[in-house]
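Trainee: Below are the structure tokens for one structure; questions will follow.
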Amino acid sequence: MADLRCSIAGIDSINPFWLASAPPTDKYINVVRAFEAGWAGVVWKTLGEDPPVINVASRYGALYGSNRGVIGFNNIELISDRPLEVNLREIAQIRKEWPDRVIIGSMMAPVDERAWKDLAIRIAGAGVHGIELNLGCPHGMCERDMGSAIGQVPEMIEQTTRWVREAVDIPVFTKLTPNITDILWSAEAAKAGGADAISLINTVNSVISVDLDAMAPNPVVDGKGTHGGYCGAAVKPIALHMVAEIARSPETQGIDISAIGGIENWRDAAEFIALGANALQVCTAAMLYGFRIVDDMIDGLSSYMDSKGYKTIEDFRGLAIRNTVNWNDLNMNFDTKAVIDQEACIECGRCHIACEDAAHQAIKFDVSPEGKRTFTVIDQECVGCNLCAIICPVPNCIEMRPVETDLPYLTWPDHPKNPLGGSQ
């Protein structure tokens, strides 16, 4: 069996799967149930001291796919509304009862040095392995000059991180908001402030939907709604991009990454690890499917690693980074053509319609005297965009087959048509 142990910010973990700061980590009973299910760690739901927190009802919304499957989740919940002393007491108790599991204390405070330092010291005193600075909450708290109000200003990220770094002698994780133009600005600021690791992404600012009867955004609270934080499977592509940018940037080398965003299964986990993540945080999937999903994550990741010959997570962590490049560095001479498996084709015609209406008119169809429809790719017109393969309802019915060529690897900077340079 593969060894799933990992280390982040100097903290050893029995596997890479932690629960993110959220409702599932808000109290003793939830965290105990998570550890019993096999989660290696939790980031305790964000703690604050002042001003007091009052949550509203309702507070969740969803974006549904086919068969009512939730692909996107939205919340307008704030940080923990339980007394700080109760949370700290429960953290200390669980630390004694589960010595092999990780507890990170998430925290948030107003833009005041003393407030950040005092709260960090109190949380550290409960015995947490590290502290996560919630600089990403996009609703409710940012209106109080906390959360993303800090996380969208690199200078404030650096300052806040440095305050906490000076106050405690345990690892500091800075949690970043995706609601910013360039995530590298935030990551570089966190590193400059002394962060041992960065956590990302926090939720994406959003309105999940509109109730057309109440004429208010969902979730509706007494006839009115507001923007909230978007998470779940739908944000995974955003999170993968931002993790990759940080992992491959020379300016952020050496800082560990706790990846968050749409992780629902072992494959999601492996993708983030391949892009450089040291450990993972899960929230929405646990809320939708329960804590036992970690069984499938552990078994699936172990089986994948065994099949590839990876003995430890470090054996494949970051391997995809070397193949993650800027658009200009892609091979302009590479080409593919669609090939349709006629035996697998169910004659639905979706490939033809998509190519005719939205692409390059590269798929024709013929009808036999018996009424059988045959779809054929016109190679001269096919540009290899792979739209047809994506919309085909039959897996592997349409293959994008590389075109053999003797042409060299040609990037845009060297392309003859580049007016700013290149060979002529």
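Ligands are numbered from 1 in the order shown, chains are lettered A, B, ... in the order of the structure tokens, and residues start at 1 in each chain.
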Could you give me, as a CSV table (one decimal) with C-alpha atoms, in the first residue's frame, the residues within 10 Å of Val210 (chain A), counting only C-alpha atoms and dropping anything in the same chain fewer than 5 positions from it?
Mentor:
chain,number,residue,atom,x,y,z
A,215,MET,CA,-37.6,38.8,-6.5
A,216,ALA,CA,-34.5,38.5,-4.3
A,217,PRO,CA,-31.2,36.6,-4.4
A,218,ASN,CA,-31.1,33.1,-2.8
A,219,PRO,CA,-30.9,32.2,0.0
A,220,VAL,CA,-33.8,34.6,0.8
A,225,GLY,CA,-30.9,38.3,-0.2
Trainee: Could you give me, as JSON lines, every region 369-413 of chain A residue with an atom at most 8 Å from region 344-357 of chain A, plus its closest atom pair and distance in Å to one decimal, counting only C-alpha atoms, rows ordered by chain then number?
Mentor:
{"residue": "A:Lys372", "atom": "CA", "partner": "A:Glu347", "partner_atom": "CA", "distance": 7.9}
{"residue": "A:Arg373", "atom": "CA", "partner": "A:Glu347", "partner_atom": "CA", "distance": 5.9}
{"residue": "A:Thr374", "atom": "CA", "partner": "A:Glu347", "partner_atom": "CA", "distance": 6.9}
{"residue": "A:Phe375", "atom": "CA", "partner": "A:His352", "partner_atom": "CA", "distance": 7.3}
{"residue": "A:Leu387", "atom": "CA", "partner": "A:Ala354", "partner_atom": "CA", "distance": 7.4}
{"residue": "A:Cys388", "atom": "CA", "partner": "A:Cys351", "partner_atom": "CA", "distance": 4.7}
{"residue": "A:Ala389", "atom": "CA", "partner": "A:Cys351", "partner_atom": "CA", "distance": 7.5}
{"residue": "A:Ile391", "atom": "CA", "partner": "A:Cys351", "partner_atom": "CA", "distance": 6.7}
{"residue": "A:Cys392", "atom": "CA", "partner": "A:Cys351", "partner_atom": "CA", "distance": 6.3}
{"residue": "A:Val394", "atom": "CA", "partner": "A:Cys345", "partner_atom": "CA", "distance": 7.3}
{"residue": "A:Cys397", "atom": "CA", "partner": "A:Ala344", "partner_atom": "CA", "distance": 5.7}
Trainee: With only C-alpha atoms as the basis for distance, which of A:Ala2, A:Leu133, A:Tyr230, A:Val204 is at the shortest distance from Leu63 (chain A)?
Mentor: A:Tyr230
Trainee: Quick one: of A:Gly61, A:Gly318, A:Gly127, A:Gly229, who's nearest to Glu271 (chain A), counting only C-alpha atoms?
Mentor: A:Gly318
Trainee: May I ask for the distance between CA of Leu176 (chain A) and CA of Pro99 (chain A), given in Å to one decimal place?
Mentor: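 Pair CA of Leu176 (chain A) / CA of Pro99 (chain A) returns 28.3 Å.
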Trainee: Point out the residue among A:Ala57, A:Leu420, A:Val42, A:Ala109 with the least atom-to-atom distance to Val221 (chain A), counting only C-alpha atoms.
Mentor: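 Closest candidate: A:Ala57.
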Trainee: Excluding region 23-39 of chain A and residues on its chain fewer than 2 positions from it, collect all residues at most 6 Å away from it, counting only C-alpha atoms, and give them as an MDAnalysis selection string.
Mentor: chainID A and resid 17:18 41 44:45 90 291:292
Trainee: Keeping C-alpha atoms, export the residues of the selection given above as a CSV table (one decimal), in the first residue's frame.
Mentor:
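Heads up, here's the output in selection03.csv:
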chain,number,residue,atom,x,y,z
A,17,PHE,CA,-7.1,15.0,3.9
A,18,TRP,CA,-8.2,17.7,6.3
A,41,GLY,CA,-6.9,17.0,10.5
A,44,TRP,CA,-11.4,24.7,13.3
A,45,LYS,CA,-14.2,27.0,12.1
A,90,GLU,CA,-13.1,21.9,23.1
A,291,PHE,CA,-17.6,12.4,6.6
A,292,ARG,CA,-17.3,8.8,5.3
Trainee: To one decimal in Å, tell me the separation between CA of Thr46 (chain A) and CA of Glu132 (chain A).
Mentor: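 Interatomic distance, CA of Thr46 (chain A) to CA of Glu132 (chain A): 8.5 Å.
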Trainee: Please provide the set of residues having any atom within 10 Å of Phe73 (chain A), restricted to only C-alpha atoms, with same-chain residues fewer than 5 positions apart removed, written as a PyMOL selection string.
Mentor: chain A and resi 60-64+203+206+208+228-235+262+284-285+288
Trainee: Selection from above, C-alpha atoms, as a PDB file, in the first residue's frame, can you write it?
Mentor:
ATOM      1  CA  TYR A  60     -27.139  28.196   2.000  1.00  0.00           C
ATOM      2  CA  GLY A  61     -27.919  28.068  -1.708  1.00  0.00           C
ATOM      3  CA  ALA A  62     -27.096  25.598  -4.488  1.00  0.00           C
ATOM      4  CA  LEU A  63     -26.500  25.374  -8.227  1.00  0.00           C
ATOM      5  CA  TYR A  64     -27.943  22.095  -9.513  1.00  0.00           C
ATOM      6  CA  THR A 203     -14.898  31.115  -1.552  1.00  0.00           C
ATOM      7  CA  SER A 206     -21.301  35.198  -6.007  1.00  0.00           C
ATOM      8  CA  ILE A 208     -26.099  31.719  -6.647  1.00  0.00           C
ATOM      9  CA  GLY A 228     -22.210  35.033  -0.678  1.00  0.00           C
ATOM     10  CA  GLY A 229     -19.278  32.660  -0.974  1.00  0.00           C
ATOM     11  CA  TYR A 230     -19.298  30.147  -3.867  1.00  0.00           C
ATOM     12  CA  CYS A 231     -17.673  26.748  -3.419  1.00  0.00           C
ATOM     13  CA  GLY A 232     -18.057  23.098  -4.387  1.00  0.00           C
ATOM     14  CA  ALA A 233     -17.083  21.180  -7.518  1.00  0.00           C
ATOM     15  CA  ALA A 234     -17.706  24.188  -9.774  1.00  0.00           C
ATOM     16  CA  VAL A 235     -14.793  26.190  -8.305  1.00  0.00           C
ATOM     17  CA  GLY A 262     -14.027  21.502  -5.124  1.00  0.00           C
ATOM     18  CA  THR A 284     -18.514  21.209   0.579  1.00  0.00           C
ATOM     19  CA  ALA A 285     -18.215  17.515  -0.282  1.00  0.00           C
ATOM     20  CA  LEU A 288     -23.164  17.167   0.950  1.00  0.00           C
TER      21      LEU A 288
END
Trainee: Might you pull out every residue within 7 Å of Ala189 (chain A), with only C-alpha atoms counted and same-chain residues fewer than 4 positions away left off, and present them as a ChimeraX atom specification?
Mentor: /A:154-155,157-158,185,193
Trainee: Between A:Asp12, A:Asp196, A:Glu404, A:Glu97, which one has atoms that come closest to Val164 (chain A), using only C-alpha atoms?
Mentor: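 Answer, going by the shortest atom-to-atom distance: A:Asp196.
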Trainee: Report, in Å to a single decimal, how far apart CA of Lys175 (chain A) and CA of Leu4 (chain A) are.
Mentor: 23.9 Å
Trainee: Please provide as a PDB file with N, CA and C atoms, in the first residue's frame all residues within 10 Å of Gln380 (chain A), with the sequence filter that same-chain residues fewer than 2 positions apart are discarded (counting only C-alpha atoms).
Mentor:
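Final output, selection-v4.pdb:
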ATOM      1  N   LYS A 337      -6.872  15.602 -35.111  1.00  0.00           N
ATOM      2  CA  LYS A 337      -8.092  15.488 -35.900  1.00  0.00           C
ATOM      3  C   LYS A 337      -9.053  14.554 -35.170  1.00  0.00           C
ATOM      4  N   ALA A 362     -17.016  20.773 -39.882  1.00  0.00           N
ATOM      5  CA  ALA A 362     -16.062  19.718 -40.241  1.00  0.00           C
ATOM      6  C   ALA A 362     -16.640  18.316 -40.089  1.00  0.00           C
ATOM      7  N   VAL A 377     -15.825  12.859 -40.241  1.00  0.00           N
ATOM      8  CA  VAL A 377     -15.037  14.078 -40.066  1.00  0.00           C
ATOM      9  C   VAL A 377     -14.361  14.453 -41.377  1.00  0.00           C
ATOM     10  N   ILE A 378     -14.435  15.723 -41.736  1.00  0.00           N
ATOM     11  CA  ILE A 378     -13.735  16.256 -42.905  1.00  0.00           C
ATOM     12  C   ILE A 378     -12.388  16.788 -42.421  1.00  0.00           C
ATOM     13  N   CYS A 382     -11.308  20.184 -40.111  1.00  0.00           N
ATOM     14  CA  CYS A 382     -11.173  19.970 -38.660  1.00  0.00           C
ATOM     15  C   CYS A 382      -9.938  20.681 -38.124  1.00  0.00           C
ATOM     16  N   VAL A 383     -10.132  21.516 -37.111  1.00  0.00           N
ATOM     17  CA  VAL A 383      -9.018  22.252 -36.503  1.00  0.00           C
ATOM     18  C   VAL A 383      -8.570  21.635 -35.179  1.00  0.00           C
TER      19      VAL A 383
END
Trainee: Could you tell me which of A:Leu280, A:Ala92, A:Leu301, A:Ala338 comes closest to Gly261 (chain A) if we count only C-alpha atoms?
Mentor: A:Leu280
Trainee: Run DSSP on the backbone and give me the residues of region 320-368 of chain A it puts in alpha helix (DSSP H), as a ChimeraX atom specification.
Mentor: /A:350-358
Trainee: Which residues, written as a list in words, have at least one atom at most 10 Å from region 329-335 of chain A, with only C-alpha atoms counted and residues fewer than 4 positions away on the same chain left out?
Mentor: Asn323, Thr324, Val325, Cys382, Val383, Gly384, Cys385, Met400, Arg401, Pro402, Val403, Glu404, Thr405, Asp406, Leu407, Pro408, Tyr409, Leu410, Thr411, Trp412, Pro413, Asp414 and His415 of chain A
Trainee: So that I have them on file, write out the residues from the current selection with C-alpha atoms, as a compact mmCIF listing (two decimals), in the first residue's frame.
Mentor:
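Produced file part04.txt, reproduced below:
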# COMPACT_ATOMS: atom_id res chain seq x y z
CA ASN A 323 4.15 20.80 -18.03
CA THR A 324 2.15 23.83 -16.88
CA VAL A 325 3.32 26.69 -19.09
CA CYS A 382 -11.17 19.97 -38.66
CA VAL A 383 -9.02 22.25 -36.50
CA GLY A 384 -8.75 19.83 -33.58
CA CYS A 385 -10.77 21.97 -31.17
CA MET A 400 -8.74 13.31 -30.94
CA ARG A 401 -5.87 11.69 -32.82
CA PRO A 402 -2.53 13.56 -33.13
CA VAL A 403 -1.36 14.28 -36.68
CA GLU A 404 2.10 12.92 -37.47
CA THR A 405 4.48 15.67 -38.55
CA ASP A 406 8.16 16.41 -38.97
CA LEU A 407 7.68 20.03 -38.00
CA PRO A 408 9.69 21.24 -34.96
CA TYR A 409 8.25 22.40 -31.64
CA LEU A 410 7.32 26.00 -32.37
CA THR A 411 6.23 28.49 -29.72
CA TRP A 412 4.54 31.82 -30.39
CA PRO A 413 7.62 33.94 -29.66
CA ASP A 414 9.37 32.16 -32.56
CA HIS A 415 6.38 31.95 -34.90
Trainee: Using DSSP on the backbone coordinates, identify all residues within region 112-153 of chain A classified as strand (DSSP E or B); present the result as a ChimeraX atom specification.
Mentor: /A:130-134
